[in-house]
Structure formats: C-alpha cells, structure tokens
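A.B. asks: Structure: entry31.cif, mmCIF, C-alpha atoms.
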data_target
loop_
_atom_site.label_atom_id
_atom_site.label_comp_id
_atom_site.auth_asym_id
_atom_site.auth_seq_id
_atom_site.Cartn_x
_atom_site.Cartn_y
_atom_site.Cartn_z
CA MET A 5 -65.77 -167.65 -53.70
CA ARG A 6 -63.70 -170.75 -54.18
CA PHE A 7 -62.23 -169.39 -57.34
CA SER A 8 -61.07 -166.22 -55.67
CA THR A 9 -59.44 -168.19 -52.86
CA LEU A 10 -57.47 -170.14 -55.44
CA GLN A 11 -56.53 -166.97 -57.20
CA GLY A 12 -55.39 -165.56 -53.92
CA LEU A 13 -53.25 -168.58 -53.25
CA LEU A 14 -51.69 -168.40 -56.70
CA ALA A 15 -50.95 -164.74 -56.23
CA LEU A 16 -49.35 -165.51 -52.89
CA LEU A 17 -47.28 -168.26 -54.46
CA ALA A 18 -46.14 -165.87 -57.17
CA VAL A 19 -45.08 -163.37 -54.54
CA VAL A 20 -43.20 -166.03 -52.61
CA LEU A 21 -41.39 -167.20 -55.74
CA LEU A 22 -40.46 -163.64 -56.61
CA ALA A 23 -39.32 -162.97 -53.10
CA THR A 24 -37.10 -165.99 -52.75
CA GLY A 25 -35.61 -165.46 -56.17
CA CYS A 26 -35.12 -169.17 -56.60
CA ALA A 27 -36.48 -169.31 -60.11
CA THR A 28 -33.38 -168.20 -62.00
CA PRO A 29 -33.20 -169.03 -65.67
CA LYS A 30 -29.54 -168.97 -66.73
CA PRO A 31 -27.11 -170.38 -64.17
CA TYR A 32 -23.86 -168.45 -63.85
CA ASP A 33 -20.69 -170.26 -64.89
CA TYR A 34 -18.76 -170.55 -61.64
CA SER A 35 -15.91 -172.77 -62.85
CA ALA A 36 -13.19 -170.08 -62.61
CA TYR A 37 -14.60 -168.86 -59.27
CA LYS A 38 -14.64 -172.34 -57.76
CA GLN A 39 -11.13 -173.04 -58.97
CA SER A 40 -9.82 -169.77 -57.53
CA ARG A 41 -11.40 -170.15 -54.05
CA PRO A 42 -10.66 -166.58 -52.94
CA LYS A 43 -10.40 -165.99 -49.18
CA SER A 44 -9.80 -162.26 -49.17
CA VAL A 45 -11.28 -159.47 -51.25
CA LEU A 46 -9.87 -156.00 -51.86
CA ILE A 47 -12.68 -153.55 -52.61
CA LEU A 48 -11.27 -150.83 -54.85
CA PRO A 49 -12.70 -147.29 -54.72
CA PRO A 50 -15.65 -147.45 -57.14
CA LEU A 51 -15.76 -145.72 -60.49
CA ASN A 52 -18.55 -143.19 -60.66
CA SER A 53 -20.53 -142.59 -63.82
CA SER A 54 -23.29 -140.74 -61.97
CA PRO A 55 -23.22 -136.94 -61.61
CA GLU A 56 -23.16 -137.15 -57.79
CA VAL A 57 -19.67 -136.59 -56.37
CA LYS A 58 -20.45 -138.46 -53.14
CA ALA A 59 -21.36 -141.65 -55.02
CA SER A 60 -18.00 -143.38 -54.92
CA TYR A 61 -17.46 -142.97 -51.18
CA GLY A 62 -21.11 -143.54 -50.31
CA MET A 63 -21.00 -146.88 -52.08
CA LEU A 64 -17.54 -147.78 -50.80
CA ALA A 65 -18.68 -147.27 -47.21
CA GLN A 66 -21.52 -149.78 -47.69
CA LEU A 67 -19.86 -152.70 -49.50
CA SER A 68 -17.90 -154.28 -46.62
CA HIS A 69 -20.90 -155.56 -44.70
CA PRO A 70 -22.45 -157.91 -47.29
CA LEU A 71 -19.03 -159.14 -48.42
CA GLY A 72 -17.88 -159.81 -44.86
CA GLU A 73 -21.11 -161.58 -43.98
CA ALA A 74 -20.68 -163.67 -47.13
CA GLY A 75 -17.55 -165.07 -45.48
CA TYR A 76 -14.64 -163.18 -47.02
CA TYR A 77 -11.86 -161.22 -45.41
CA VAL A 78 -12.63 -157.67 -46.55
CA TYR A 79 -9.76 -155.21 -46.62
CA PRO A 80 -10.34 -152.03 -44.56
CA VAL A 81 -11.72 -149.75 -47.28
CA ALA A 82 -10.60 -146.43 -45.79
CA VAL A 83 -7.09 -147.70 -45.03
CA VAL A 84 -6.83 -149.03 -48.59
CA ASP A 85 -8.06 -145.72 -50.00
CA GLU A 86 -5.53 -143.82 -47.88
CA THR A 87 -2.75 -146.13 -49.05
CA PHE A 88 -3.59 -145.36 -52.67
CA ARG A 89 -3.65 -141.64 -51.93
CA GLN A 90 -0.27 -141.68 -50.23
CA ASN A 91 1.05 -143.29 -53.38
CA GLY A 92 -0.37 -140.57 -55.57
CA LEU A 93 -3.49 -142.44 -56.67
CA SER A 94 -6.69 -140.62 -55.84
CA ALA A 95 -8.73 -141.26 -59.00
CA ALA A 96 -10.68 -144.50 -59.07
CA GLY A 97 -10.00 -144.80 -62.81
CA ASP A 98 -6.24 -144.85 -62.22
CA ILE A 99 -6.64 -147.42 -59.45
CA HIS A 100 -8.82 -149.68 -61.59
CA ALA A 101 -6.14 -149.53 -64.29
CA LEU A 102 -3.36 -150.84 -62.01
CA PRO A 103 -1.91 -154.23 -62.97
CA VAL A 104 -3.39 -156.99 -60.83
CA ALA A 105 0.09 -158.25 -59.94
CA LYS A 106 0.87 -154.89 -58.33
CA LEU A 107 -2.31 -155.03 -56.22
CA HIS A 108 -1.52 -158.57 -55.20
CA ASP A 109 2.03 -157.60 -54.15
CA ILE A 110 0.98 -154.71 -51.92
CA PHE A 111 -2.18 -156.10 -50.36
CA GLY A 112 -1.77 -159.83 -50.65
CA ALA A 113 -5.45 -160.12 -51.58
CA ASP A 114 -6.73 -163.14 -53.49
CA ALA A 115 -9.32 -161.13 -55.41
CA ALA A 116 -10.40 -157.56 -56.04
CA LEU A 117 -13.88 -156.14 -56.40
CA TYR A 118 -14.22 -153.55 -59.16
CA VAL A 119 -17.42 -151.57 -58.72
CA GLU A 120 -18.91 -148.93 -60.97
CA VAL A 121 -21.71 -146.73 -59.60
CA LYS A 122 -24.17 -146.12 -62.44
CA LYS A 123 -26.83 -144.15 -60.63
CA TYR A 124 -26.69 -142.32 -57.32
CA GLY A 125 -29.16 -139.77 -56.12
CA ALA A 126 -32.48 -138.16 -56.79
CA THR A 127 -34.28 -137.77 -60.08
CA TYR A 128 -37.27 -135.49 -60.30
CA THR A 129 -40.35 -135.81 -62.44
CA VAL A 130 -43.51 -133.74 -62.50
CA PHE A 131 -45.30 -136.12 -60.18
CA ASP A 132 -42.64 -137.53 -57.99
CA SER A 133 -39.03 -137.69 -56.98
CA ALA A 134 -37.07 -140.87 -56.54
CA VAL A 135 -33.72 -141.77 -55.05
CA THR A 136 -31.97 -144.49 -56.99
CA VAL A 137 -28.64 -146.24 -56.55
CA ALA A 138 -27.42 -148.71 -59.15
CA ALA A 139 -24.04 -150.39 -59.48
CA ASP A 140 -22.14 -153.06 -61.40
CA ALA A 141 -19.44 -155.23 -59.87
CA ARG A 142 -16.69 -157.54 -61.10
CA LEU A 143 -14.75 -159.94 -58.90
CA VAL A 144 -11.30 -160.53 -60.37
CA ASP A 145 -8.61 -163.00 -59.32
CA LEU A 146 -5.48 -160.99 -58.47
CA ARG A 147 -3.10 -163.86 -59.20
CA SER A 148 -4.36 -164.61 -62.70
CA GLY A 149 -6.37 -161.52 -63.63
CA GLN A 150 -9.27 -163.80 -64.47
CA LEU A 151 -12.86 -162.65 -64.07
CA LEU A 152 -14.54 -164.77 -61.37
CA TRP A 153 -17.97 -163.19 -61.20
CA ASN A 154 -19.89 -160.14 -62.30
CA GLY A 155 -23.30 -158.79 -61.42
CA SER A 156 -25.35 -155.68 -60.91
CA ALA A 157 -27.99 -154.40 -58.52
CA MET A 158 -30.23 -151.45 -57.92
CA ALA A 159 -32.27 -149.96 -55.09
CA SER A 160 -34.76 -147.17 -55.46
CA SER A 161 -37.32 -145.27 -53.43
CA ALA A 162 -39.64 -145.70 -56.43
CA GLU A 163 -39.99 -149.39 -55.52
CA GLN A 164 -42.62 -148.64 -52.92
CA ASN A 165 -44.88 -147.14 -55.59
CA ASN A 166 -44.46 -150.15 -57.77
CA SER A 167 -45.08 -153.08 -55.49
CA ASN A 168 -44.07 -155.94 -57.78
CA ASN A 169 -40.65 -154.45 -58.42
CA GLY A 170 -38.37 -156.46 -56.16
CA GLY A 171 -41.01 -158.74 -54.69
CA LEU A 172 -41.68 -159.24 -51.04
CA VAL A 173 -38.13 -158.42 -50.04
CA GLY A 174 -38.26 -155.11 -51.80
CA MET A 175 -41.60 -154.26 -50.24
CA LEU A 176 -40.49 -155.14 -46.75
CA VAL A 177 -37.26 -153.29 -47.04
CA THR A 178 -38.73 -150.20 -48.58
CA ALA A 179 -41.58 -150.18 -46.08
CA VAL A 180 -39.10 -150.03 -43.24
CA VAL A 181 -36.60 -147.81 -44.96
CA LYS A 182 -39.17 -145.35 -46.28
CA GLN A 183 -39.98 -144.20 -42.77
CA ILE A 184 -36.36 -143.76 -41.88
CA VAL A 185 -35.09 -142.33 -45.08
CA HIS A 186 -37.39 -139.36 -45.21
CA SER A 187 -36.09 -138.13 -41.90
CA LEU A 188 -32.50 -138.26 -43.09
CA SER A 189 -30.70 -135.85 -45.30
CA ASP A 190 -28.48 -138.44 -46.95
CA ASP A 191 -31.04 -140.74 -48.59
CA SER A 192 -28.70 -141.95 -51.30
CA TYR A 193 -26.30 -143.42 -48.78
CA GLN A 194 -29.12 -145.52 -47.32
CA TYR A 195 -30.11 -146.80 -50.75
CA ALA A 196 -26.45 -147.50 -51.47
CA GLY A 197 -26.65 -149.84 -48.47
CA ILE A 198 -29.61 -151.72 -49.90
CA ALA A 199 -28.05 -151.86 -53.36
CA SER A 200 -24.83 -153.23 -51.79
CA GLN A 201 -26.75 -155.96 -49.98
CA ARG A 202 -28.51 -156.94 -53.19
CA LEU A 203 -25.27 -156.84 -55.13
CA LEU A 204 -23.07 -158.92 -52.84
CA THR A 205 -25.24 -161.19 -50.68
CA PRO A 206 -24.85 -164.76 -51.97
CA ARG A 207 -27.89 -165.91 -53.96
CA PRO A 208 -28.45 -167.77 -57.23
CA ASN A 209 -26.13 -166.23 -59.83
CA GLY A 210 -24.65 -164.03 -57.09
CA LEU A 211 -21.42 -164.30 -55.15
CA LEU A 212 -20.57 -167.64 -53.59
CA TYR A 213 -20.04 -167.96 -49.85
CA GLY A 214 -16.46 -167.43 -48.66
CA PRO A 215 -14.39 -169.56 -46.26
CA ARG A 216 -15.41 -167.68 -43.10
CA SER A 217 -19.08 -168.52 -43.65
CA PRO A 218 -20.61 -171.73 -42.26
CA ARG A 219 -22.20 -172.09 -45.71
CA TYR A 220 -18.84 -172.13 -47.51
CA GLY A 221 -18.80 -174.79 -50.19
CA LEU A 222 -22.52 -175.45 -49.73
CA ASP A 223 -23.69 -173.02 -52.41
CA ASP A 224 -24.98 -175.85 -54.57
CA ALA A 225 -26.60 -177.71 -51.71
CA PRO A 226 -30.37 -177.45 -51.55
CA ALA A 227 -31.42 -174.74 -49.14
CA GLN A 228 -33.53 -175.86 -46.24
CA MET B 144 -28.53 -143.58 -33.25
CA THR B 145 -31.90 -145.29 -33.13
CA ILE B 146 -32.38 -144.39 -36.76
CA ARG B 147 -29.08 -146.02 -37.65
CA ARG B 148 -30.10 -149.16 -35.74
CA LEU B 149 -33.40 -149.34 -37.59
CA THR B 150 -31.68 -148.96 -40.91
CA LEU B 151 -29.24 -151.68 -40.06
CA SER B 152 -32.07 -154.00 -39.04
CA ALA B 153 -33.75 -153.31 -42.36
CA LEU B 154 -30.56 -154.12 -44.20
CA LEU B 155 -29.97 -157.29 -42.24
CA LEU B 156 -33.55 -158.30 -42.94
CA ALA B 157 -32.93 -157.74 -46.63
CA ALA B 158 -29.74 -159.77 -46.51
CA GLY B 159 -31.47 -162.64 -44.74
CA LEU B 160 -34.52 -162.71 -46.95
CA SER B 161 -32.73 -162.38 -50.26
CA GLY B 162 -30.59 -165.40 -49.42
CA CYS B 163 -33.05 -167.77 -51.15
CA ALA B 164 -34.17 -169.48 -47.97
CA GLY B 165 -30.52 -169.92 -46.97
CA GLN B 166 -30.88 -167.39 -44.19
CA GLN B 167 -28.14 -167.06 -41.68
CA ALA B 168 -29.64 -167.22 -38.25
CA LYS B 169 -27.09 -164.87 -36.81
CA PRO B 170 -24.70 -162.38 -38.42
CA LEU B 171 -21.07 -163.43 -38.41
CA TYR B 172 -19.89 -160.13 -36.94
CA HIS B 173 -20.75 -157.22 -34.72
CA TRP B 174 -20.74 -154.48 -37.39
CA GLY B 175 -22.03 -151.82 -35.05
CA VAL B 176 -20.89 -148.35 -36.08
CA TYR B 177 -18.14 -149.52 -38.44
CA GLN B 178 -19.67 -148.62 -41.78
CA PRO B 179 -21.27 -145.32 -40.65
CA GLN B 180 -17.90 -144.35 -39.15
CA VAL B 181 -16.08 -145.26 -42.36
CA TYR B 182 -18.53 -143.01 -44.21
CA GLU B 183 -17.90 -140.27 -41.65
CA TYR B 184 -14.19 -140.62 -42.32
CA PHE B 185 -14.67 -140.37 -46.08
CA LYS B 186 -16.91 -137.34 -45.84
CA GLY B 187 -14.31 -135.63 -43.71
CA ASP B 188 -16.62 -132.76 -42.82
CA GLY B 189 -18.20 -134.01 -39.63
CA ALA B 190 -16.85 -135.48 -36.43
CA SER B 191 -13.19 -135.15 -35.55
CA HIS B 192 -10.86 -138.14 -35.70
CA GLU B 193 -10.93 -138.23 -31.89
CA ALA B 194 -14.74 -138.45 -31.89
CA GLN B 195 -14.59 -141.21 -34.51
CA ILE B 196 -12.12 -143.13 -32.37
CA ALA B 197 -14.38 -142.71 -29.34
CA ALA B 198 -17.40 -144.07 -31.25
CA LEU B 199 -15.47 -147.09 -32.50
CA GLU B 200 -13.83 -147.82 -29.14
CA ALA B 201 -17.22 -147.68 -27.39
CA ASP B 202 -18.47 -150.21 -29.90
CA VAL B 203 -15.48 -152.47 -29.21
CA GLN B 204 -16.74 -152.66 -25.61
CA GLN B 205 -20.27 -153.45 -26.81
CA ALA B 206 -19.00 -156.26 -28.99
CA ARG B 207 -16.90 -157.62 -26.14
CA ALA B 208 -19.86 -157.51 -23.75
CA LYS B 209 -21.97 -159.48 -26.22
CA ASP B 210 -19.07 -161.77 -27.08
CA GLU B 211 -19.45 -161.00 -30.77
CA PRO B 212 -16.42 -160.81 -33.08
CA LEU B 213 -15.58 -157.51 -34.75
CA PRO B 214 -15.67 -157.58 -38.54
CA PRO B 215 -12.67 -157.62 -40.89
CA GLY B 216 -11.08 -154.20 -41.17
CA TYR B 217 -12.43 -152.81 -37.91
CA HIS B 218 -9.13 -152.73 -36.03
CA ALA B 219 -7.18 -151.59 -39.08
CA HIS B 220 -9.58 -148.68 -39.47
CA LEU B 221 -9.02 -147.76 -35.81
CA GLY B 222 -5.28 -147.90 -36.52
CA LEU B 223 -5.73 -145.43 -39.37
CA LEU B 224 -7.63 -143.04 -37.09
CA TYR B 225 -4.97 -143.27 -34.39
CA SER B 226 -2.34 -142.44 -37.01
CA HIS B 227 -4.07 -139.10 -37.56
CA THR B 228 -3.85 -138.30 -33.87
CA GLY B 229 -0.18 -139.23 -33.62
CA LYS B 230 -0.67 -142.15 -31.26
CA LEU B 231 1.82 -144.46 -32.92
CA ASP B 232 1.76 -147.14 -30.21
CA GLN B 233 -1.95 -147.57 -30.73
CA VAL B 234 -1.51 -147.59 -34.50
CA LYS B 235 0.85 -150.54 -34.20
CA GLN B 236 -1.37 -152.26 -31.70
CA GLU B 237 -4.48 -152.02 -33.89
CA PHE B 238 -2.70 -153.17 -37.05
CA THR B 239 -1.24 -156.09 -35.12
CA THR B 240 -4.67 -157.00 -33.72
CA GLU B 241 -6.13 -156.96 -37.24
CA LYS B 242 -3.37 -159.31 -38.34
CA THR B 243 -3.88 -161.65 -35.40
CA LEU B 244 -7.66 -161.83 -35.87
CA TYR B 245 -7.42 -162.05 -39.66
CA PRO B 246 -4.17 -163.62 -40.92
CA GLU B 247 -5.43 -162.90 -44.46
CA SER B 248 -4.44 -159.28 -43.79
CA SER B 249 -0.79 -160.11 -42.87
CA ALA B 250 0.89 -158.85 -46.04
CA PHE B 251 -0.97 -155.53 -45.95
CA MET B 252 -0.61 -155.00 -42.19
CA ASP B 253 3.13 -155.71 -42.42
CA PHE B 254 3.36 -153.22 -45.27
CA LEU B 255 1.62 -150.60 -43.12
CA LEU B 256 3.64 -151.39 -40.00
CA ARG B 257 6.88 -151.00 -41.99
CA ASN B 258 5.73 -147.59 -43.19
CA PHE B 259 4.76 -146.39 -39.74
CA LYS B 260 8.14 -147.26 -38.26
CA ASN B 261 9.79 -144.57 -40.32
#
Take the structure in this file and express it as structure tokens.

C.D. replies:
Amino acid sequence: MRFSTLQGLLALLAVVLLATGCATPKPYDYSAYKQSRPKSVLILPPLNSSPEVKASYGMLAQLSHPLGEAGYYVYPVAVVDETFRQNGLSAAGDIHALPVAKLHDIFGADAALYVEVKKYGATYTVFDSAVTVAADARLVDLRSGQLLWNGSAMASSAEQNNSNNGGLVGMLVTAVVKQIVHSLSDDSYQYAGIASQRLLTPRPNGLLYGPRSPRYGLDDAPAQ
Amino acid sequence: MTIRRLTLSALLLAAGLSGCAGQQAKPLYHWGVYQPQVYEYFKGDGASHEAQIAALEADVQQARAKDEPLPPGYHAHLGLLYSHTGKLDQVKQEFTTEKTLYPESSAFMDFLLRNFKN
C-alpha cells in the first residue's frame, strides 16, 4: 500500500517534470541572440516540404500570436506577403533567398523568422489516421545575417493515443482540442496553431522574451 | 464562433503551461479574430473583403470595451483589406495607426503609405 503510494508520487513527479520541460540537457548558446536584442521580427512565408498546398499559409496564419505574446513586434503577415507578391515574389523559396540587407531596407525589421513546414496534414494507417504538423524555424539578424536561434516543434492528433508524448501539456491540449477538431473540416490548421505555440513560446532552449514582454531580459532568472 | 473561442483558450493554455512555470497571468494583446481572419484572407475562397473588415472592426470595439491593446499587425491588416475596397482614406488611417501604436513598423508603414499615394 505504502509502496504504491510512493510509486504514484514518483509517477506524478515524472509527469510534472515532463510537463514543465525544465529538465533540459544542452543549453542553447544565446550569445549572438543576446547581443542582437531584436525588437521586431519579420515572419517570411514558410517553405513547404509537405505535400499539402495549404501548409505554408496555414502555418503563416498561426505564427504571429506566440511571437507577439513573446514580446516582439510582429510584421503583419498578410501585408508582408502581399508586398512580396506585388514585387513579383510569390514563391517562398525565392523570398528566403533574398539578401538580408534587402529585407532590412524595405521592412526595417531587426530579425526575420525563416520557417519550413515539414509535415502538414493527415496520414492514414490501417488502424488509425493522424493529423500532424511539424516545422523548423530559424531566427536571423537582418543587419548581420547571423543566426540567432533555431528550433523545431510538432503537434499531432496521435498524441492523445500516446499519453507520455508531450507530457501533461500535450494531454491537456489534445484533450481540449480533440473535441473541437473533429467537428472542424480544417484540422491541420488547428494543429498548426499548437505547433506554432510550441515552436515560438519562450521556454528553455526556445526563443527569448522580446522587449514588449514584462519578462524581457529575465529569461535567465529563476521562474517563480 | 464558440468553437474558435475554445480553440483559442486551448492554445493560450498551452502557451501558459509550456512556459516552464513562467506563466503570463494575462495575454499582452486582444488577439480576437485576427489570426482566423488572416487565414481567411490567405484562403481567399470564403468571406468577402467587406465581411472580413466587418469582423475585424467589430473586434476593435470589443478590444476597446475591454481596454485591451490590439496586437502588432492588426491595424496594418485592416489597412490592406481597405485597400481592396478602394477606401484609400481608411488605408492611410490604419497604416498610420499601426505606426503610432508600434513605432517599430515605421519604415514599412512609410513604404506602404508612399506606394498608396500614387
């Protein structure tokens, strides 16, 4: 009886540790990031290496929220996209290849976020179907061209069948989202939202808080 | 509408929880319909530009009533929508508001305002 209580407590502790994500092994090298201190971020239309044509826009429409809440000025993604189009640039690949100095001249942004969507949409197996969205991101200083941060994230409807995948956060989110998602036709867009939150919300080895956040400059301070 | 709200709550919950105990008590901005409307714009097969403007303008009132600031890009996006309906005075007004609220956008808003004068 006692033993099982202890086991229960340990299991709970494990879940809590997983959920808070505080136990990160390799700390990210933030020296370039901290020196650059970007205030504004230009999100470029994402590259898409998934077969789903809606992936780039679905992702692009979800990235502003976490980045804005992190404390950065986020350029209006549709206005930026339209500006590229009016200048003959409609392919994300061409936009990603532009010299950083050019981007800095037109937009005046301190940094740009280069995103590549790796997975977007449903995969079917004999037993199940799952909606998965996965993406990589690089934050690049537009004055120097230097890489400030990179990371990746994923969100999948398969998480709810595999309860330790993503910890408590994953379970809570998928529990809520599962109910909603099945009544919507555009599941992938919803998972793109979760993937975006995971990708860009400041956390250990994630983005740092920006100047419009009350936590700006406190990334290293112990959380309370 | 309710579905959208629920989704947003789920996302905000995720954002708060994943912050390694550094949860923000309150979001910085009233995001409201901004991102769903941006998606609507990108899809280009649903609501008209007028309907998108109406949704965003209604949300401006909501934000004002709650005294919550609108997020970066919100007014600029409204400006873009007005440009499709030929309301150039409103285009200028929205781009200028974006610039006033977020001086970080000055270079880009000036670039856009120059282009719309022609």

A.B. asks: Just how far from atom CA of Pro206 of chain A is atom CA of Asp202 of chain B, in Å to one decimal?

C.D. replies: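 Taking atom CA of Asp202 of chain B as the start and atom CA of Pro206 of chain A as the end point, the length is 27.2 Å.
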
A.B. asks: Evaluating the PyMOL selection byres ((chain A and resi 112-117) around 10) on the displayed file yields which residues, as a ChimeraX atom specification?

C.D. replies: /A:40-50,67,71,77-79,100,104-111,118-120,141-154 /B:247-252,254

A.B. asks: Work out how far apart atom CA of Arg207 of chain B and atom CA of Gly197 of chain A are and give it in Å to one decimal.

C.D. replies: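 Straight-line distance from atom CA of Arg207 of chain B to atom CA of Gly197 of chain A works out to 25.6 Å.
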
A.B. asks: Work out how far atom CA of Lys123 of chain A is from atom CA of Glu56 of chain A, in Å to one decimal.

C.D. replies: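 According to the coordinates, atom CA of Glu56 of chain A and atom CA of Lys123 of chain A are separated by 8.4 Å.
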
A.B. asks: Please list as a VMD selection string every residue within 10 Å of Ala206 of chain B, counting all atoms listed in the file and excluding residues in the same chain fewer than 4 positions away.

C.D. replies: chain B and resid 172 to 175 200 to 202 210 to 213

A.B. asks: Between A:Tyr32, A:Tyr220, A:Tyr61, A:Tyr37, single out the one closest to chain B, counting all atoms listed in the file.

C.D. replies: A:Tyr61

A.B. asks: Written as a PyMOL selection string, what is the full residue list that the PyMOL selection byres ((chain B and resi 183-188) around 9) yields on the file shown?

C.D. replies: (chain A and resi 58+61-62+65+82) or (chain B and resi 178-182+189-192+195+224)

A.B. asks: B:Tyr177, B:Gly216, B:Lys235, B:Lys230: which is nearest chain A, counting only C-alpha atoms?

C.D. replies: B:Gly216

A.B. asks: When the PyMOL selection byres ((chain B and resi 218) around 8) is applied to the structure above, which residues does it catch, written out as a list in words?

C.D. replies: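 Applied to this file, the PyMOL selection byres ((chain B and resi 218) around 8) selects Pro215, Gly216, Tyr217, Ala219, His220, Leu221, Gly222, Glu237, Phe238, Thr240 and Glu241 of chain B.
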
A.B. asks: Of the candidates A:Pro215, A:Pro70, A:Gly221, A:Pro103, which shows the shortest atom-to-atom distance to chain B, using only C-alpha atoms?

C.D. replies: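 Once distances to chain B are computed over only C-alpha atoms, the minimum belongs to A:Pro70.
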
A.B. asks: Between B:Thr243, B:Lys209, B:Ser226, B:Pro170, which is the closest to chain A once you count only C-alpha atoms?

C.D. replies: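 Closest to chain A, using only C-alpha atoms: B:Pro170.
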
A.B. asks: For a quick check of understanding, using only C-alpha atoms, which of A:Gly92, A:Pro31, A:Gly97, A:Gly210 has the smallest distance to chain B?

C.D. replies: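 Among A:Gly92, A:Pro31, A:Gly97, A:Gly210, it is A:Gly210 that comes nearest to chain B.
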
A.B. asks: Find the residue from A:Val84, A:Ala157, A:Leu51, A:Leu93 that sits nearest to chain B; use all atoms listed in the file when measuring.

C.D. replies: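 Closest candidate: A:Val84.
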